[in-house]
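> Right, I'll just put the structure down here and ask away after.
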Amino acid sequence: MTTQYSRGRRRAAGPASAARAVEDATAERPRDPQREARRRRGAFRQVTDFAAASGVGQKAGIALAATGLVLTVTVPVTGPVMADQQPGHPVAAVSAAPQPEISAEAGAQIDFSRSSVVTQGDPDGKLKQLLSAQSAGSITRAASAGSLGPPLAQLITASPFGFRVSPITGGAGDFHRGQDYVAQCGTSVMAAASGTVTFVGWHQYGGGNRVVIDHGNGLETTYNHLSSASVKVGQTVTRGQVVALSGTTGASTGCHLHFEVQVNGDVVDPTGWL
């Protein structure tokens, strides 16, 4: 038996083909014994295992490991957070502690005034601030330290302030009114701070040629045993200005500078101000 088609072709008609058996999709298939192990290892571990098995080499493994390290770097957050360890749950942020409220009464007055700022680079400003706030006699040693500059370029103590054996008489219990510093005759002597020269001349009590500078509010400095002076009474001097040359005049056994600090007419240890 034949069948005629519109285009003239003929096809032999045979027996009907048997229906294809429907495959049961629910039937259990044989499982790869390594499948579960690969699933547990994760994607990154599977990639590295494949690289090792396929002979990519040590460099590829190191590169993959380095990439994995970069990918696993975490960036710290700016505030405290708490993460839920269960998968699929979002991370919940914990709010910071509440800040205290600052308030003032409606009629309150706010004062923005402040004392002058003085840095270590302005020692004259520090001294001026100390003396303007109080008299020299009420300034503590801690506050006065460093407020006066050195009278010599290099300070080497020859004899300290206080009781000592007299270098003139050799007797014990001699009270030394200042600090003696080593200085060759003719060494430049400088003003310890800005002020006004109040005395230039001979000191009748053993100081020899002497210069006195008044720094205000009861603070004075004196320079003794000088060979000569380069200032005059009434002259205003600045810190570090040369006012004299060292010598050995008066009650002196050799060239040096005897430096005194006086507070309201009484001598004090100069090292408390230098």
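Simple scheme: letters A, B, ... for chains in structure tokens order, numbers from 1 for residues in each chain, numbers from 1 for ligands in the order shown.
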Would you list the contacts of segment 119-136 of chain A as a PyMOL selection string, taking every protein, DNA or RNA residue within 6 Å and counting only C-alpha atoms, but skipping same-chain residues closer than 5 positions in sequence?
chain A and resi 147+217-219+263
> Considering only C-alpha atoms, state which residue in the set A:His225, A:Tyr181, A:Phe259, A:Phe175 is at the smallest distance from Trp273 of chain A.
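Counting only C-alpha atoms, the residue closest to Trp273 of chain A is A:Phe259.
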> For the atom pair atom CA of Gly146 of chain A and atom CA of Thr236 of chain A, what is the interatomic distance in Å to one decimal place?
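Atom CA of Thr236 of chain A lies at a distance of 21.5 Å from atom CA of Gly146 of chain A.
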> What gap, in Å, lies between atom CA of Gln154 of chain A and atom CA of Glu260 of chain A?
16.5 Å
> Which residues come within 10 Å of Ala192 of chain A, counting only C-alpha atoms, excluding same-chain residues fewer than 2 positions away, as an mmCIF file with all heavy atoms, in the first residue's frame?

```
data_model
loop_
_atom_site.group_PDB
_atom_site.id
_atom_site.type_symbol
_atom_site.label_atom_id
_atom_site.label_comp_id
_atom_site.auth_asym_id
_atom_site.auth_seq_id
_atom_site.Cartn_x
_atom_site.Cartn_y
_atom_site.Cartn_z
ATOM 1 N N ASP A 124 59.918 85.293 76.020
ATOM 2 C CA ASP A 124 59.599 86.613 76.568
ATOM 3 C C ASP A 124 58.104 86.747 76.807
ATOM 4 O O ASP A 124 57.671 87.374 77.783
ATOM 5 C CB ASP A 124 60.075 87.709 75.608
ATOM 6 C CG ASP A 124 61.433 88.268 76.020
ATOM 7 O OD1 ASP A 124 61.762 88.183 77.217
ATOM 8 O OD2 ASP A 124 62.157 88.775 75.151
ATOM 9 N N SER A 147 61.885 80.566 81.953
ATOM 10 C CA SER A 147 61.387 81.884 81.572
ATOM 11 C C SER A 147 62.517 82.884 81.351
ATOM 12 O O SER A 147 62.316 83.910 80.704
ATOM 13 C CB SER A 147 60.421 82.417 82.631
ATOM 14 O OG SER A 147 61.046 82.453 83.901
ATOM 15 N N LEU A 148 63.717 82.611 81.873
ATOM 16 C CA LEU A 148 64.884 83.451 81.625
ATOM 17 C C LEU A 148 65.844 82.725 80.697
ATOM 18 O O LEU A 148 65.984 81.494 80.754
ATOM 19 C CB LEU A 148 65.604 83.796 82.937
ATOM 20 C CG LEU A 148 64.878 84.732 83.900
ATOM 21 C CD1 LEU A 148 65.731 84.975 85.143
ATOM 22 C CD2 LEU A 148 64.537 86.066 83.220
ATOM 23 N N GLY A 149 66.507 83.502 79.857
ATOM 24 C CA GLY A 149 67.483 82.929 78.941
ATOM 25 C C GLY A 149 68.872 82.884 79.567
ATOM 26 O O GLY A 149 69.149 83.551 80.563
ATOM 27 N N PRO A 150 69.792 82.109 79.000
ATOM 28 C CA PRO A 150 71.151 82.001 79.544
ATOM 29 C C PRO A 150 71.937 83.296 79.332
ATOM 30 O O PRO A 150 71.884 83.891 78.257
ATOM 31 C CB PRO A 150 71.761 80.842 78.737
ATOM 32 C CG PRO A 150 70.993 80.832 77.461
ATOM 33 C CD PRO A 150 69.594 81.250 77.808
ATOM 34 N N PRO A 151 72.672 83.744 80.337
ATOM 35 C CA PRO A 151 73.476 84.963 80.182
ATOM 36 C C PRO A 151 74.758 84.734 79.390
ATOM 37 O O PRO A 151 75.422 85.706 78.998
ATOM 38 C CB PRO A 151 73.777 85.363 81.625
ATOM 39 C CG PRO A 151 73.743 84.078 82.375
ATOM 40 C CD PRO A 151 72.709 83.226 81.715
ATOM 41 N N LEU A 152 75.136 83.481 79.187
ATOM 42 C CA LEU A 152 76.296 83.129 78.385
ATOM 43 C C LEU A 152 75.887 82.117 77.318
ATOM 44 O O LEU A 152 74.883 81.408 77.484
ATOM 45 C CB LEU A 152 77.400 82.523 79.261
ATOM 46 C CG LEU A 152 78.027 83.414 80.337
ATOM 47 C CD1 LEU A 152 78.938 82.596 81.241
ATOM 48 C CD2 LEU A 152 78.814 84.567 79.693
ATOM 49 N N VAL A 189 78.428 88.807 77.511
ATOM 50 C CA VAL A 189 77.394 88.569 78.517
ATOM 51 C C VAL A 189 76.080 89.115 77.969
ATOM 52 O O VAL A 189 76.012 90.277 77.532
ATOM 53 C CB VAL A 189 77.755 89.250 79.853
ATOM 54 C CG1 VAL A 189 76.644 89.062 80.872
ATOM 55 C CG2 VAL A 189 79.074 88.696 80.391
ATOM 56 N N MET A 190 75.031 88.302 78.009
ATOM 57 C CA MET A 190 73.764 88.659 77.369
ATOM 58 C C MET A 190 72.659 88.861 78.396
ATOM 59 O O MET A 190 72.658 88.224 79.460
ATOM 60 C CB MET A 190 73.366 87.561 76.384
ATOM 61 C CG MET A 190 74.381 87.361 75.270
ATOM 62 S SD MET A 190 74.015 85.919 74.237
ATOM 63 C CE MET A 190 74.397 84.583 75.380
ATOM 64 N N SER A 194 64.066 90.627 78.251
ATOM 65 C CA SER A 194 63.870 92.034 77.932
ATOM 66 C C SER A 194 63.627 92.820 79.211
ATOM 67 O O SER A 194 63.034 92.310 80.173
ATOM 68 C CB SER A 194 62.685 92.195 76.976
ATOM 69 O OG SER A 194 62.907 91.474 75.778
ATOM 70 N N GLY A 195 64.068 94.066 79.223
ATOM 71 C CA GLY A 195 63.876 94.902 80.411
ATOM 72 C C GLY A 195 64.569 96.236 80.265
ATOM 73 O O GLY A 195 65.004 96.625 79.171
ATOM 74 N N ILE A 213 69.390 94.736 85.456
ATOM 75 C CA ILE A 213 68.274 94.910 84.521
ATOM 76 C C ILE A 213 66.977 94.591 85.253
ATOM 77 O O ILE A 213 66.848 93.540 85.891
ATOM 78 C CB ILE A 213 68.414 93.989 83.290
ATOM 79 C CG1 ILE A 213 69.730 94.271 82.556
ATOM 80 C CG2 ILE A 213 67.231 94.159 82.340
ATOM 81 C CD1 ILE A 213 69.983 93.326 81.385
ATOM 82 N N HIS A 215 63.108 93.634 85.008
ATOM 83 C CA HIS A 215 62.190 92.975 84.070
ATOM 84 C C HIS A 215 60.731 93.200 84.433
ATOM 85 O O HIS A 215 59.838 92.686 83.748
ATOM 86 C CB HIS A 215 62.486 91.469 84.029
ATOM 87 C CG HIS A 215 63.918 91.165 83.701
ATOM 88 N ND1 HIS A 215 64.456 91.321 82.438
ATOM 89 C CD2 HIS A 215 64.935 90.720 84.494
ATOM 90 C CE1 HIS A 215 65.739 90.963 82.454
ATOM 91 N NE2 HIS A 215 66.044 90.621 83.689
ATOM 92 N N GLU A 220 64.450 91.116 88.856
ATOM 93 C CA GLU A 220 65.670 91.751 88.363
ATOM 94 C C GLU A 220 66.755 90.696 88.161
ATOM 95 O O GLU A 220 66.756 89.658 88.831
ATOM 96 C CB GLU A 220 66.191 92.808 89.363
ATOM 97 C CG GLU A 220 65.296 94.025 89.530
ATOM 98 C CD GLU A 220 65.864 94.992 90.559
ATOM 99 O OE1 GLU A 220 66.265 94.531 91.651
ATOM 100 O OE2 GLU A 220 65.926 96.200 90.268
ATOM 101 N N THR A 221 67.675 90.979 87.254
ATOM 102 C CA THR A 221 68.867 90.144 87.074
ATOM 103 C C THR A 221 70.093 91.037 87.157
ATOM 104 O O THR A 221 70.057 92.200 86.725
ATOM 105 C CB THR A 221 68.848 89.413 85.719
ATOM 106 O OG1 THR A 221 68.672 90.357 84.655
ATOM 107 C CG2 THR A 221 67.730 88.376 85.667
ATOM 108 N N THR A 222 71.173 90.490 87.736
ATOM 109 C CA THR A 222 72.409 91.257 87.846
ATOM 110 C C THR A 222 73.571 90.460 87.257
ATOM 111 O O THR A 222 73.579 89.222 87.300
ATOM 112 C CB THR A 222 72.731 91.607 89.313
ATOM 113 O OG1 THR A 222 73.228 90.442 89.979
ATOM 114 C CG2 THR A 222 71.507 92.133 90.042
ATOM 115 N N TYR A 223 74.553 91.187 86.709
ATOM 116 C CA TYR A 223 75.710 90.609 86.031
ATOM 117 C C TYR A 223 76.945 91.247 86.657
ATOM 118 O O TYR A 223 77.102 92.474 86.618
ATOM 119 C CB TYR A 223 75.622 90.886 84.535
ATOM 120 C CG TYR A 223 74.243 90.559 83.968
ATOM 121 C CD1 TYR A 223 73.171 91.448 84.123
ATOM 122 C CD2 TYR A 223 74.000 89.369 83.302
ATOM 123 C CE1 TYR A 223 71.906 91.153 83.623
ATOM 124 C CE2 TYR A 223 72.732 89.062 82.803
ATOM 125 C CZ TYR A 223 71.695 89.957 82.974
ATOM 126 O OH TYR A 223 70.438 89.667 82.492
ATOM 127 N N VAL A 237 66.636 96.943 76.825
ATOM 128 C CA VAL A 237 67.383 95.858 76.181
ATOM 129 C C VAL A 237 66.431 94.702 75.895
ATOM 130 O O VAL A 237 65.354 94.591 76.495
ATOM 131 C CB VAL A 237 68.552 95.384 77.061
ATOM 132 C CG1 VAL A 237 69.578 96.490 77.238
ATOM 133 C CG2 VAL A 237 68.046 94.884 78.408
ATOM 134 N N THR A 238 66.843 93.848 75.000
ATOM 135 C CA THR A 238 66.053 92.687 74.643
ATOM 136 C C THR A 238 66.770 91.418 75.063
ATOM 137 O O THR A 238 67.986 91.411 75.305
ATOM 138 C CB THR A 238 65.790 92.649 73.126
ATOM 139 O OG1 THR A 238 67.046 92.616 72.432
ATOM 140 C CG2 THR A 238 64.997 93.867 72.685
ATOM 141 N N ARG A 239 66.014 90.335 75.157
ATOM 142 C CA ARG A 239 66.578 89.033 75.523
ATOM 143 C C ARG A 239 67.690 88.648 74.530
ATOM 144 O O ARG A 239 67.511 88.700 73.318
ATOM 145 C CB ARG A 239 65.488 87.979 75.504
ATOM 146 C CG ARG A 239 65.940 86.573 75.846
ATOM 147 C CD ARG A 239 64.802 85.589 75.683
ATOM 148 N NE ARG A 239 63.713 85.880 76.611
ATOM 149 C CZ ARG A 239 63.464 85.194 77.726
ATOM 150 N NH1 ARG A 239 64.206 84.153 78.039
ATOM 151 N NH2 ARG A 239 62.451 85.536 78.498
ATOM 152 N N GLY A 240 68.841 88.250 75.080
ATOM 153 C CA GLY A 240 69.954 87.819 74.258
ATOM 154 C C GLY A 240 70.864 88.943 73.795
ATOM 155 O O GLY A 240 71.898 88.674 73.161
ATOM 156 N N GLN A 241 70.510 90.191 74.072
ATOM 157 C CA GLN A 241 71.361 91.320 73.667
ATOM 158 C C GLN A 241 72.607 91.366 74.537
ATOM 159 O O GLN A 241 72.556 91.186 75.757
ATOM 160 C CB GLN A 241 70.579 92.631 73.800
ATOM 161 C CG GLN A 241 71.378 93.875 73.428
ATOM 162 C CD GLN A 241 70.559 95.146 73.552
ATOM 163 O OE1 GLN A 241 69.325 95.111 73.507
ATOM 164 N NE2 GLN A 241 71.237 96.275 73.708
ATOM 165 N N VAL A 242 73.760 91.614 73.908
ATOM 166 C CA VAL A 242 75.023 91.711 74.649
ATOM 167 C C VAL A 242 75.012 93.010 75.445
ATOM 168 O O VAL A 242 74.827 94.102 74.893
ATOM 169 C CB VAL A 242 76.229 91.669 73.703
ATOM 170 C CG1 VAL A 242 77.531 91.871 74.479
ATOM 171 C CG2 VAL A 242 76.262 90.330 72.951
ATOM 172 N N PHE A 259 76.176 85.588 88.221
ATOM 173 C CA PHE A 259 74.835 85.929 87.756
ATOM 174 C C PHE A 259 73.852 85.782 88.902
ATOM 175 O O PHE A 259 73.825 84.752 89.584
ATOM 176 C CB PHE A 259 74.445 85.003 86.598
ATOM 177 C CG PHE A 259 73.047 85.191 86.083
ATOM 178 C CD1 PHE A 259 72.673 86.354 85.424
ATOM 179 C CD2 PHE A 259 72.090 84.201 86.237
ATOM 180 C CE1 PHE A 259 71.386 86.525 84.937
ATOM 181 C CE2 PHE A 259 70.806 84.348 85.763
ATOM 182 C CZ PHE A 259 70.454 85.520 85.102
ATOM 183 N N VAL A 261 69.648 86.443 90.338
ATOM 184 C CA VAL A 261 68.225 86.707 90.082
ATOM 185 C C VAL A 261 67.636 87.197 91.393
ATOM 186 O O VAL A 261 67.750 86.524 92.431
ATOM 187 C CB VAL A 261 67.486 85.450 89.597
ATOM 188 C CG1 VAL A 261 65.986 85.736 89.458
ATOM 189 C CG2 VAL A 261 68.056 84.964 88.268
ATOM 190 N N TRP A 273 64.985 79.704 87.378
ATOM 191 C CA TRP A 273 64.422 80.557 86.332
ATOM 192 C C TRP A 273 65.013 80.262 84.959
ATOM 193 O O TRP A 273 64.411 80.629 83.947
ATOM 194 C CB TRP A 273 64.659 82.027 86.679
ATOM 195 C CG TRP A 273 63.850 82.477 87.852
ATOM 196 C CD1 TRP A 273 64.122 82.266 89.174
ATOM 197 C CD2 TRP A 273 62.641 83.212 87.804
ATOM 198 N NE1 TRP A 273 63.139 82.809 89.959
ATOM 199 C CE2 TRP A 273 62.213 83.423 89.131
ATOM 200 C CE3 TRP A 273 61.849 83.735 86.771
ATOM 201 C CZ2 TRP A 273 61.045 84.104 89.445
ATOM 202 C CZ3 TRP A 273 60.701 84.433 87.090
ATOM 203 C CH2 TRP A 273 60.300 84.602 88.431
ATOM 204 N N LEU A 274 66.146 79.631 84.922
ATOM 205 C CA LEU A 274 66.806 79.351 83.635
ATOM 206 C C LEU A 274 66.256 78.089 82.996
ATOM 207 O O LEU A 274 65.814 77.165 83.671
ATOM 208 C CB LEU A 274 68.322 79.215 83.847
ATOM 209 C CG LEU A 274 69.027 80.498 84.279
ATOM 210 C CD1 LEU A 274 70.482 80.202 84.605
ATOM 211 C CD2 LEU A 274 68.933 81.553 83.172
#
```
> Need the shell around Trp202 of chain A: protein/DNA/RNA residues with any atom at most 12 Å away, counting only C-alpha atoms. Skip same-chain ones fewer than 4 positions apart. Format as a PyMOL selection string?
chain A and resi 206-212+223-229+249-251
> Determine which residues of segment 134-221 of chain A DSSP labels as helix (DSSP H, G or I) from the backbone of this structure, then write them out as a PDB file with N, CA and C atoms, in the first residue's frame.

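To be explicit, this is the file written out as selection-v3.pdb:
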```pdb
ATOM      1  N   ALA A 136      56.494  88.609  91.118  1.00  0.00           N
ATOM      2  CA  ALA A 136      57.537  87.596  90.978  1.00  0.00           C
ATOM      3  C   ALA A 136      57.644  86.719  92.214  1.00  0.00           C
ATOM      4  N   GLY A 137      57.328  87.285  93.392  1.00  0.00           N
ATOM      5  CA  GLY A 137      57.464  86.529  94.629  1.00  0.00           C
ATOM      6  C   GLY A 137      56.474  85.389  94.766  1.00  0.00           C
ATOM      7  N   SER A 138      55.351  85.437  94.055  1.00  0.00           N
ATOM      8  CA  SER A 138      54.334  84.393  94.172  1.00  0.00           C
ATOM      9  C   SER A 138      54.420  83.354  93.054  1.00  0.00           C
ATOM     10  N   ARG A 141      58.425  77.684  91.389  1.00  0.00           N
ATOM     11  CA  ARG A 141      59.608  77.275  90.639  1.00  0.00           C
ATOM     12  C   ARG A 141      59.220  76.537  89.356  1.00  0.00           C
ATOM     13  N   ALA A 142      58.178  75.744  89.436  1.00  0.00           N
ATOM     14  CA  ALA A 142      57.743  75.001  88.248  1.00  0.00           C
ATOM     15  C   ALA A 142      57.283  75.950  87.153  1.00  0.00           C
ATOM     16  N   ALA A 143      56.629  77.058  87.535  1.00  0.00           N
ATOM     17  CA  ALA A 143      56.130  78.014  86.549  1.00  0.00           C
ATOM     18  C   ALA A 143      57.245  78.881  85.985  1.00  0.00           C
ATOM     19  N   SER A 144      58.259  79.174  86.803  1.00  0.00           N
ATOM     20  CA  SER A 144      59.315  80.084  86.359  1.00  0.00           C
ATOM     21  C   SER A 144      60.394  79.392  85.538  1.00  0.00           C
TER      22      SER A 144
END
```
> Within 8 Å of Gly162 of chain A, counting only C-alpha atoms, which residues qualify if same-chain residues fewer than 5 places away don't, as a ChimeraX atom specification?
/A:175-178,269
> Those selected residues, please, written with N, CA, C and O atoms and delivered as an mmCIF file, in the first residue's frame.

```cif
data_model
loop_
_atom_site.group_PDB
_atom_site.id
_atom_site.type_symbol
_atom_site.label_atom_id
_atom_site.label_comp_id
_atom_site.auth_asym_id
_atom_site.auth_seq_id
_atom_site.Cartn_x
_atom_site.Cartn_y
_atom_site.Cartn_z
ATOM 1 N N PHE A 175 77.622 82.601 102.302
ATOM 2 C CA PHE A 175 76.434 82.480 101.470
ATOM 3 C C PHE A 175 76.709 83.105 100.116
ATOM 4 O O PHE A 175 76.961 84.311 100.006
ATOM 5 N N HIS A 176 76.627 82.276 99.091
ATOM 6 C CA HIS A 176 76.859 82.732 97.724
ATOM 7 C C HIS A 176 75.537 83.197 97.138
ATOM 8 O O HIS A 176 74.604 82.411 96.981
ATOM 9 N N ARG A 177 75.454 84.462 96.767
ATOM 10 C CA ARG A 177 74.192 85.080 96.389
ATOM 11 C C ARG A 177 73.779 84.806 94.941
ATOM 12 O O ARG A 177 72.670 85.175 94.550
ATOM 13 N N GLY A 178 74.617 84.188 94.178
ATOM 14 C CA GLY A 178 74.279 83.943 92.780
ATOM 15 C C GLY A 178 74.903 82.653 92.271
ATOM 16 O O GLY A 178 75.298 81.777 93.051
ATOM 17 N N ASP A 269 67.639 81.294 93.822
ATOM 18 C CA ASP A 269 68.470 80.424 93.015
ATOM 19 C C ASP A 269 68.194 80.669 91.527
ATOM 20 O O ASP A 269 67.075 80.472 91.052
#
```
> Which one is closest to Ala183 of chain A: A:Ala158, A:His256, A:Gln262, A:Glu105? Count only C-alpha atoms.
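Distance minimum relative to Ala183 of chain A lands on A:His256.
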> Write out as a PyMOL selection string the residues lying within 8 Å of Gly186 of chain A, counting only C-alpha atoms and excluding same-chain residues fewer than 2 positions away.
chain A and resi 184+188+227+245-247
> Given the selection you just returned, output its residues as a file containing N, CA and C atoms, formatted as a PDB file, in the first residue's frame.

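Output saved as selection12.pdb:
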```
ATOM      1  N   GLN A 184      85.928  82.956  80.107  1.00  0.00           N
ATOM      2  CA  GLN A 184      87.178  83.673  79.921  1.00  0.00           C
ATOM      3  C   GLN A 184      86.902  85.176  79.929  1.00  0.00           C
ATOM      4  N   SER A 188      81.226  87.490  75.826  1.00  0.00           N
ATOM      5  CA  SER A 188      79.992  88.272  75.739  1.00  0.00           C
ATOM      6  C   SER A 188      78.988  87.817  76.792  1.00  0.00           C
ATOM      7  N   SER A 227      84.336  93.032  82.925  1.00  0.00           N
ATOM      8  CA  SER A 227      85.480  93.840  82.507  1.00  0.00           C
ATOM      9  C   SER A 227      85.017  95.159  81.912  1.00  0.00           C
ATOM     10  N   LEU A 245      80.969  92.529  78.914  1.00  0.00           N
ATOM     11  CA  LEU A 245      81.972  91.484  78.725  1.00  0.00           C
ATOM     12  C   LEU A 245      82.425  90.998  80.094  1.00  0.00           C
ATOM     13  N   SER A 246      82.612  89.679  80.212  1.00  0.00           N
ATOM     14  CA  SER A 246      82.990  89.097  81.504  1.00  0.00           C
ATOM     15  C   SER A 246      84.412  89.532  81.900  1.00  0.00           C
ATOM     16  N   GLY A 247      84.675  89.450  83.213  1.00  0.00           N
ATOM     17  CA  GLY A 247      85.988  89.847  83.725  1.00  0.00           C
ATOM     18  C   GLY A 247      86.239  89.232  85.084  1.00  0.00           C
TER      19      GLY A 247
END
```
> Separation of atom CA of Ala191 of chain A and atom CA of Thr253 of chain A, in Å?
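Separation between atom CA of Ala191 of chain A and atom CA of Thr253 of chain A: 23.8 Å.
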> I need the residues in segment 118-224 of chain A that are strand (DSSP E or B) according to DSSP; give them as a short mmCIF file (atom, residue, chain, number, x, y, z; two decimals) with N, CA and C atoms, in the first residue's frame.

```
data_model
loop_
_atom_site.label_atom_id
_atom_site.label_comp_id
_atom_site.auth_asym_id
_atom_site.auth_seq_id
_atom_site.Cartn_x
_atom_site.Cartn_y
_atom_site.Cartn_z
N THR A 157 78.78 75.57 85.35
CA THR A 157 78.78 76.07 86.73
C THR A 157 80.16 75.95 87.35
N ALA A 158 80.62 77.05 87.93
CA ALA A 158 81.88 77.05 88.67
C ALA A 158 81.61 77.01 90.17
N SER A 159 80.56 77.68 90.60
CA SER A 159 80.19 77.69 92.02
C SER A 159 78.69 77.93 92.10
N GLY A 162 74.02 79.41 97.11
CA GLY A 162 73.83 78.86 98.45
C GLY A 162 75.11 78.91 99.28
N PHE A 163 75.06 78.22 100.40
CA PHE A 163 76.20 78.25 101.33
C PHE A 163 77.38 77.47 100.76
N ARG A 164 78.59 77.97 101.02
CA ARG A 164 79.81 77.36 100.51
C ARG A 164 80.99 77.82 101.35
N ASP A 174 79.90 80.64 104.06
CA ASP A 174 79.74 81.82 103.22
C ASP A 174 78.53 81.62 102.31
N PHE A 175 77.62 82.60 102.30
CA PHE A 175 76.43 82.48 101.47
C PHE A 175 76.71 83.10 100.12
N HIS A 176 76.63 82.28 99.09
CA HIS A 176 76.86 82.73 97.72
C HIS A 176 75.54 83.20 97.14
N GLN A 179 74.99 82.54 90.98
CA GLN A 179 75.54 81.37 90.33
C GLN A 179 76.76 81.82 89.53
N ASP A 180 77.91 81.19 89.79
CA ASP A 180 79.12 81.50 89.04
C ASP A 180 79.23 80.56 87.85
N TYR A 181 79.50 81.16 86.68
CA TYR A 181 79.67 80.38 85.46
C TYR A 181 81.07 80.62 84.89
N VAL A 182 81.65 79.55 84.36
CA VAL A 182 82.97 79.63 83.76
C VAL A 182 82.91 80.52 82.53
N SER A 188 81.23 87.49 75.83
CA SER A 188 79.99 88.27 75.74
C SER A 188 78.99 87.82 76.79
N VAL A 189 78.43 88.81 77.51
CA VAL A 189 77.39 88.57 78.52
C VAL A 189 76.08 89.12 77.97
N MET A 190 75.03 88.30 78.01
CA MET A 190 73.76 88.66 77.37
C MET A 190 72.66 88.86 78.40
N GLY A 195 64.07 94.07 79.22
CA GLY A 195 63.88 94.90 80.41
C GLY A 195 64.57 96.24 80.26
N THR A 196 64.68 96.92 81.38
CA THR A 196 65.29 98.25 81.42
C THR A 196 66.50 98.23 82.33
N VAL A 197 67.60 98.80 81.88
CA VAL A 197 68.83 98.85 82.68
C VAL A 197 68.65 99.89 83.78
N THR A 198 68.84 99.46 85.02
CA THR A 198 68.66 100.36 86.18
C THR A 198 69.97 100.70 86.88
N PHE A 199 71.04 99.96 86.60
CA PHE A 199 72.34 100.26 87.25
C PHE A 199 73.47 99.80 86.34
N VAL A 200 74.47 100.64 86.19
CA VAL A 200 75.74 100.31 85.51
C VAL A 200 76.84 101.00 86.31
N GLY A 201 77.76 100.23 86.88
CA GLY A 201 78.83 100.85 87.67
C GLY A 201 79.50 99.85 88.59
N TRP A 202 80.16 100.44 89.56
CA TRP A 202 80.94 99.65 90.52
C TRP A 202 80.07 99.24 91.70
N HIS A 203 80.13 97.94 92.02
CA HIS A 203 79.36 97.42 93.14
C HIS A 203 80.27 97.39 94.37
N GLY A 208 82.27 94.11 91.88
CA GLY A 208 83.06 94.74 90.83
C GLY A 208 82.17 95.50 89.86
N ASN A 209 82.57 95.52 88.59
CA ASN A 209 81.71 96.17 87.58
C ASN A 209 80.42 95.36 87.44
N ARG A 210 79.29 96.10 87.51
CA ARG A 210 78.00 95.41 87.64
C ARG A 210 76.96 96.06 86.73
N VAL A 211 76.05 95.24 86.18
CA VAL A 211 74.90 95.71 85.41
C VAL A 211 73.66 95.08 86.02
N VAL A 212 72.60 95.91 86.21
CA VAL A 212 71.34 95.43 86.75
C VAL A 212 70.24 95.74 85.74
N ILE A 213 69.39 94.74 85.46
CA ILE A 213 68.27 94.91 84.52
C ILE A 213 66.98 94.59 85.25
N ASP A 214 66.02 95.52 85.14
CA ASP A 214 64.70 95.34 85.75
C ASP A 214 63.74 94.77 84.69
N HIS A 215 63.11 93.63 85.01
CA HIS A 215 62.19 92.98 84.07
C HIS A 215 60.73 93.20 84.43
N GLY A 216 60.47 93.95 85.49
CA GLY A 216 59.11 94.27 85.86
C GLY A 216 58.54 93.37 86.94
N LEU A 219 61.03 91.54 89.43
CA LEU A 219 62.06 90.62 88.94
C LEU A 219 63.23 91.41 88.35
N GLU A 220 64.45 91.12 88.86
CA GLU A 220 65.67 91.75 88.36
C GLU A 220 66.75 90.70 88.16
N THR A 221 67.67 90.98 87.25
CA THR A 221 68.87 90.14 87.07
C THR A 221 70.09 91.04 87.16
N THR A 222 71.17 90.49 87.74
CA THR A 222 72.41 91.26 87.85
C THR A 222 73.57 90.46 87.26
N TYR A 223 74.55 91.19 86.71
CA TYR A 223 75.71 90.61 86.03
C TYR A 223 76.94 91.25 86.66
N ASN A 224 77.85 90.43 87.20
CA ASN A 224 78.91 90.95 88.07
C ASN A 224 80.30 90.50 87.63
#
```
